[in-house]
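Asks: The following file, model.txt, comprises compact mmCIF, C-alpha atoms:
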# COMPACT_ATOMS: atom_id res chain seq x y z
CA MET A 228 136.11 254.30 31.00
CA VAL A 229 137.05 257.99 30.71
CA ILE A 230 137.46 260.12 33.82
CA VAL A 231 137.63 263.85 33.14
CA GLY A 232 138.77 266.32 35.76
CA LEU A 233 137.67 269.86 35.08
CA GLY A 234 139.92 272.87 35.58
CA ASN A 235 141.80 275.63 33.86
CA ILE A 236 145.28 275.40 32.39
CA GLY A 237 148.05 277.76 33.42
CA SER A 238 150.17 278.17 36.53
CA GLU A 239 147.95 280.97 37.85
CA TYR A 240 145.07 278.48 38.23
CA VAL A 241 146.90 275.45 39.66
CA ASN A 242 145.72 275.74 43.28
CA THR A 243 142.36 277.40 42.71
CA ARG A 244 138.97 276.08 43.76
CA HIS A 245 137.94 275.67 40.11
CA ASN A 246 140.83 273.23 39.57
CA ILE A 247 139.87 270.65 42.18
CA GLY A 248 138.80 268.28 39.37
CA PHE A 249 142.35 268.40 37.97
CA MET A 250 143.75 267.83 41.47
CA VAL A 251 141.73 264.66 42.00
CA ILE A 252 142.65 262.97 38.73
CA GLU A 253 146.28 264.00 39.16
CA LYS A 254 146.19 262.19 42.51
CA LEU A 255 144.61 259.11 40.88
CA ALA A 256 147.31 259.16 38.18
CA GLU A 257 150.00 259.35 40.86
CA GLU A 258 148.45 256.41 42.75
CA ASN A 259 148.53 254.37 39.53
CA ASN A 260 152.07 255.46 38.65
CA VAL A 261 151.15 257.03 35.30
CA GLN A 262 152.13 260.38 33.80
CA PHE A 263 149.99 262.78 31.79
CA LYS A 264 151.02 263.55 28.24
CA THR A 265 149.74 266.32 26.02
CA GLN A 266 147.65 265.42 22.98
CA MET A 267 146.85 268.58 21.05
CA ARG A 268 144.62 266.71 18.59
CA PHE A 269 142.22 266.09 21.50
CA GLU A 270 142.99 269.41 23.25
CA CYS A 271 143.83 267.62 26.46
CA GLU A 272 146.40 266.00 28.66
CA TYR A 273 145.71 262.34 29.31
CA CYS A 274 147.11 259.11 30.66
CA GLU A 275 145.79 255.59 30.94
CA PHE A 276 146.05 252.51 33.10
CA ILE A 277 144.30 249.18 33.46
CA ARG A 278 141.95 248.42 36.37
CA LYS A 279 139.73 245.53 35.26
CA LYS A 280 139.45 247.56 32.03
CA LYS A 281 141.20 250.49 30.39
CA ILE A 282 140.85 253.75 32.32
CA MET A 283 141.69 257.09 30.71
CA LEU A 284 142.27 260.19 32.83
CA VAL A 285 141.73 263.44 30.95
CA LYS A 286 142.42 267.11 31.69
CA PRO A 287 140.95 269.35 28.97
CA LEU A 288 143.25 272.14 27.76
CA THR A 289 140.32 274.21 26.51
CA TYR A 290 139.66 276.12 29.74
CA MET A 291 136.59 275.33 31.79
CA ASN A 292 133.88 276.89 29.60
CA ASN A 293 134.87 274.82 26.54
CA SER A 294 135.55 271.50 28.27
CA GLY A 295 132.95 269.73 26.16
CA ARG A 296 134.99 270.20 23.00
CA ALA A 297 137.91 268.11 24.35
CA VAL A 298 135.59 265.55 25.94
CA ARG A 299 133.72 265.04 22.65
CA LYS A 300 136.99 264.55 20.73
CA ILE A 301 138.33 261.91 23.12
CA LEU A 302 135.04 260.00 23.34
CA ASP A 303 134.66 259.99 19.56
CA TYR A 304 138.21 258.90 18.83
CA TYR A 305 138.19 256.02 21.33
CA SER A 306 134.53 255.09 20.65
CA PHE A 307 133.41 255.60 24.25
CA SER A 308 129.77 256.40 24.91
CA PRO A 309 128.79 259.07 27.46
CA GLU A 310 127.72 256.24 29.79
CA ASN A 311 131.44 255.41 30.13
CA LEU A 312 132.28 258.95 31.28
CA ILE A 313 132.81 260.30 34.81
CA VAL A 314 133.37 264.03 35.26
CA VAL A 315 134.98 265.38 38.46
CA TYR A 316 134.42 269.06 39.23
CA ASP A 317 133.91 271.81 41.80
CA ASP A 318 130.46 272.77 43.07
CA ILE A 319 129.70 276.03 44.88
CA ASN A 320 126.31 274.67 45.96
CA LEU A 321 127.96 272.18 48.34
CA GLU A 322 129.90 272.89 51.52
CA PHE A 323 133.64 272.40 51.37
CA GLY A 324 134.44 268.71 51.86
CA VAL A 325 131.11 267.34 50.62
CA ILE A 326 131.17 264.77 47.81
CA ARG A 327 128.09 264.06 45.69
CA ILE A 328 128.14 261.29 43.12
CA ARG A 329 125.40 261.25 40.49
CA ARG A 330 124.63 258.92 37.62
CA ASP A 331 123.45 261.88 35.48
CA GLY A 332 121.77 265.27 35.84
CA GLY A 333 121.78 268.89 34.83
CA ALA A 334 124.57 271.43 34.82
CA GLY A 335 123.54 273.15 38.04
CA GLY A 336 124.96 276.43 36.71
CA HIS A 337 128.45 274.99 36.14
CA ASN A 338 129.80 276.21 32.79
CA GLY A 339 132.13 273.23 32.29
CA ILE A 340 129.23 270.80 32.68
CA LYS A 341 127.02 272.97 30.44
CA SER A 342 129.70 272.69 27.75
CA ILE A 343 129.95 268.91 28.09
CA ILE A 344 126.18 268.48 27.91
CA GLU A 345 126.07 270.74 24.85
CA TYR A 346 128.87 268.91 23.00
CA LEU A 347 127.63 265.42 23.90
CA GLY A 348 123.95 266.19 23.39
CA THR A 349 123.12 264.36 26.62
CA ASN A 350 123.36 264.68 30.38
CA LYS A 351 123.59 260.89 30.78
CA PHE A 352 127.10 260.71 32.23
CA ALA A 353 128.29 260.20 35.79
CA ARG A 354 129.73 263.02 37.81
CA ILE A 355 131.46 263.61 41.10
CA ARG A 356 130.66 267.03 42.50
CA LEU A 357 133.13 268.39 45.06
CA GLY A 358 131.93 271.08 47.44
CA ILE A 359 133.97 274.28 47.53
CA ASN A 360 131.44 276.50 49.40
CA SER A 361 129.73 279.48 47.87
CA PRO A 362 131.11 283.01 47.91
CA LYS A 363 129.83 285.12 50.77
CA SER A 364 129.97 288.45 49.02
CA GLU A 365 132.60 288.40 46.29
CA ASP A 366 132.02 287.90 42.58
CA LEU A 367 131.49 284.24 41.64
CA ALA A 368 134.22 284.21 38.94
CA ASN A 369 136.76 285.74 41.32
CA TYR A 370 135.77 283.26 44.02
CA VAL A 371 136.16 280.06 41.98
CA LEU A 372 139.43 281.32 40.50
CA SER A 373 140.87 282.11 43.94
CA ASN A 374 142.99 279.85 46.12
CA PHE A 375 141.53 277.92 49.01
CA ASN A 376 141.58 279.77 52.33
CA LYS A 377 143.93 278.81 55.18
CA GLU A 378 141.46 276.46 56.89
CA GLU A 379 140.50 274.77 53.59
CA LYS A 380 144.18 274.28 52.68
CA LYS A 381 144.62 272.26 55.90
CA GLU A 382 141.67 270.02 55.00
CA LEU A 383 142.34 269.82 51.24
CA PRO A 384 144.63 266.73 51.36
CA PHE A 385 141.91 264.79 53.22
CA PHE A 386 139.26 266.00 50.78
CA LEU A 387 141.38 264.93 47.79
CA ASP A 388 141.98 261.53 49.46
CA ALA A 389 138.23 261.06 49.95
CA ALA A 390 137.41 262.10 46.38
CA THR A 391 140.06 259.74 44.99
CA ALA A 392 138.72 256.95 47.19
CA ALA A 393 135.22 257.65 45.80
CA LEU A 394 136.57 257.32 42.24
CA ASN A 395 138.34 254.09 43.16
CA SER A 396 135.09 252.80 44.66
CA ILE A 397 133.25 253.48 41.38
CA LEU A 398 135.99 251.70 39.42
CA ASP A 399 136.14 248.70 41.76
CA SER A 400 132.55 248.28 42.95
CA GLY A 401 130.28 250.38 40.73
CA ILE A 402 128.54 253.70 41.04
CA ASP A 403 125.65 252.54 43.25
CA ARG A 404 127.95 251.34 46.00
CA ALA A 405 130.07 254.50 45.73
CA MET A 406 126.95 256.69 46.01
CA ASN A 407 125.82 254.80 49.12
CA GLU A 408 129.22 255.15 50.72
CA TYR A 409 130.30 258.68 49.77
CA ASN A 410 127.14 260.75 49.31
CA LYS A 411 126.54 260.67 53.07
CA LYS A 412 129.98 261.81 54.13
CA HIS A 413 131.48 265.16 54.96
CA LEU A 414 135.05 265.79 56.07
Would it be possible to restate this file's structure as structure tokens?
Replies:
Amino acid sequence: MVIVGLGNIGSEYVNTRHNIGFMVIEKLAEENNVQFKTQMRFECEYCEFIRKKKIMLVKPLTYMNNSGRAVRKILDYYSFSPENLIVVYDDINLEFGVIRIRRDGGAGGHNGIKSIIEYLGTNKFARIRLGINSPKSEDLANYVLSNFNKEEKKELPFFLDAATAALNSILDSGIDRAMNEYNKKHL
């Protein structure tokens, strides 16, 4: 199983809305006491642990819009099919704190997901969409690359806990059970 968190590399992006995918898999790595290491051949940082089977956590180093390139390389090298992939990412079409788990689907306007679909040639991979709200009036690119507001920062630890719990539920009990449990919830 490969779990990819989407985000952008660089210290200026660390706490931005667009990096919530990175934040979630970093939390899962911490819970499992594993450290990320850089693998330039795959254009990513990754770590692995065993939970019933081997789990790889991946952070592409390609920036969001080229995420598919790193995902394709890792899946090919380790002979994983897209059905063994879960992608965790931000979604402006959901309110902050909302989690939506899907077995597959379209890109919904998200450039990172568009890239993955393009490089894999399929949309048949699981995803966890994390609501970050939509911009009220500012430019979309500026909005997703901005930090969470004061109120969101207070709630962010609980949101990350819930998203990590949703991932753990998929790993332990399967995607159907996780969808039933987490697609109804809001912080």
Asks: Quick one: of A:Phe263, A:Glu345, A:Met228, A:Ser308, who's nearest to Met283 (chain A), counting only C-alpha atoms?
Replies: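 For Met283 (chain A), the nearest of the given residues is A:Met228.
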Asks: Could you check which of A:Leu347, A:Cys274, A:Met267, A:Leu383 is closest to Asp303 (chain A), using all atoms listed in the file?
Replies: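 Of A:Leu347, A:Cys274, A:Met267, A:Leu383, the one nearest Asp303 (chain A) is A:Leu347, counting all atoms listed in the file.
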Asks: Determine the nearest neighbour of Phe276 (chain A) from the options A:Leu255, A:Val261, A:Val231, A:Leu357, counting all atoms listed in the file.
Replies: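 Smallest distance to Phe276 (chain A) is found for A:Val261.
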Asks: Which residue out of A:Asn311, A:Ser238, A:Ser342, A:Asn320 has the minimum interatomic distance to Pro287 (chain A) when all atoms listed in the file are used?
Replies: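 That would be A:Ser342, the residue with the smallest distance to Pro287 (chain A).
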Asks: Could you list, as a ChimeraX atom specification, every residue within 10 Å of Asp317 (chain A), counting only C-alpha atoms and ignoring same-chain residues fewer than 2 positions away?
Replies: /A:232-234,244-249,315,319-321,323,326,337,339,355-360,371
Asks: Reconstruct N, CA and C atoms of region 363-396 of chain A; output as a tab-separated table (two decimals), in the frame of the given file.
Replies:
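Now in out.tsv:
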chain	number	residue	atom	x	y	z
A	363	LYS	N	130.68	284.36	49.85
A	363	LYS	CA	129.83	285.12	50.77
A	363	LYS	C	129.39	286.43	50.13
A	364	SER	N	130.34	287.16	49.59
A	364	SER	CA	129.97	288.45	49.02
A	364	SER	C	130.72	288.75	47.72
A	365	GLU	N	131.81	288.05	47.47
A	365	GLU	CA	132.60	288.40	46.29
A	365	GLU	C	131.99	287.82	45.01
A	366	ASP	N	132.43	288.33	43.90
A	366	ASP	CA	132.02	287.90	42.58
A	366	ASP	C	132.31	286.41	42.41
A	367	LEU	N	131.37	285.69	41.81
A	367	LEU	CA	131.49	284.24	41.64
A	367	LEU	C	132.74	283.86	40.87
A	368	ALA	N	133.03	284.54	39.75
A	368	ALA	CA	134.22	284.21	38.94
A	368	ALA	C	135.49	284.41	39.75
A	369	ASN	N	135.58	285.51	40.49
A	369	ASN	CA	136.76	285.74	41.32
A	369	ASN	C	136.89	284.67	42.39
A	370	TYR	N	135.76	284.26	42.96
A	370	TYR	CA	135.77	283.26	44.02
A	370	TYR	C	136.30	281.92	43.52
A	371	VAL	N	135.74	281.39	42.44
A	371	VAL	CA	136.16	280.06	41.98
A	371	VAL	C	137.58	280.06	41.44
A	372	LEU	N	138.06	281.23	41.01
A	372	LEU	CA	139.43	281.32	40.50
A	372	LEU	C	140.43	281.74	41.58
A	373	SER	N	139.97	281.77	42.83
A	373	SER	CA	140.87	282.11	43.94
A	373	SER	C	141.37	280.84	44.61
A	374	ASN	N	142.44	280.98	45.38
A	374	ASN	CA	142.99	279.85	46.12
A	374	ASN	C	142.10	279.52	47.31
A	375	PHE	N	142.24	278.32	47.81
A	375	PHE	CA	141.53	277.92	49.01
A	375	PHE	C	142.03	278.76	50.19
A	376	ASN	N	141.16	279.01	51.17
A	376	ASN	CA	141.58	279.77	52.33
A	376	ASN	C	142.45	278.90	53.25
A	377	LYS	N	142.99	279.49	54.29
A	377	LYS	CA	143.93	278.81	55.18
A	377	LYS	C	143.35	277.53	55.79
A	378	GLU	N	142.12	277.63	56.27
A	378	GLU	CA	141.46	276.46	56.89
A	378	GLU	C	141.21	275.36	55.85
A	379	GLU	N	140.75	275.74	54.66
A	379	GLU	CA	140.50	274.77	53.59
A	379	GLU	C	141.79	274.09	53.15
A	380	LYS	N	142.89	274.86	53.08
A	380	LYS	CA	144.18	274.28	52.68
A	380	LYS	C	144.61	273.16	53.63
A	381	LYS	N	144.30	273.31	54.92
A	381	LYS	CA	144.62	272.26	55.90
A	381	LYS	C	143.83	270.99	55.62
A	382	GLU	N	142.57	271.16	55.23
A	382	GLU	CA	141.67	270.02	55.00
A	382	GLU	C	141.75	269.46	53.59
A	383	LEU	N	142.33	270.22	52.65
A	383	LEU	CA	142.34	269.82	51.24
A	383	LEU	C	142.95	268.45	51.00
A	384	PRO	N	144.09	268.08	51.60
A	384	PRO	CA	144.63	266.73	51.36
A	384	PRO	C	143.64	265.61	51.72
A	385	PHE	N	142.89	265.80	52.81
A	385	PHE	CA	141.91	264.79	53.22
A	385	PHE	C	140.74	264.74	52.25
A	386	PHE	N	140.34	265.92	51.76
A	386	PHE	CA	139.26	266.00	50.78
A	386	PHE	C	139.67	265.31	49.48
A	387	LEU	N	140.89	265.57	49.02
A	387	LEU	CA	141.38	264.93	47.79
A	387	LEU	C	141.48	263.41	47.98
A	388	ASP	N	141.93	262.97	49.16
A	388	ASP	CA	141.98	261.53	49.46
A	388	ASP	C	140.59	260.91	49.37
A	389	ALA	N	139.60	261.59	49.97
A	389	ALA	CA	138.23	261.06	49.95
A	389	ALA	C	137.66	261.02	48.54
A	390	ALA	N	137.91	262.06	47.75
A	390	ALA	CA	137.41	262.10	46.38
A	390	ALA	C	138.07	261.02	45.52
A	391	THR	N	139.36	260.80	45.72
A	391	THR	CA	140.06	259.74	44.99
A	391	THR	C	139.54	258.38	45.42
A	392	ALA	N	139.28	258.21	46.70
A	392	ALA	CA	138.72	256.95	47.19
A	392	ALA	C	137.33	256.72	46.58
A	393	ALA	N	136.54	257.78	46.42
A	393	ALA	CA	135.22	257.65	45.80
A	393	ALA	C	135.36	257.19	44.35
A	394	LEU	N	136.32	257.75	43.62
A	394	LEU	CA	136.57	257.32	42.24
A	394	LEU	C	137.00	255.86	42.20
A	395	ASN	N	137.90	255.48	43.10
A	395	ASN	CA	138.34	254.09	43.16
A	395	ASN	C	137.18	253.16	43.47
A	396	SER	N	136.27	253.60	44.32
A	396	SER	CA	135.09	252.80	44.66
A	396	SER	C	134.22	252.58	43.43
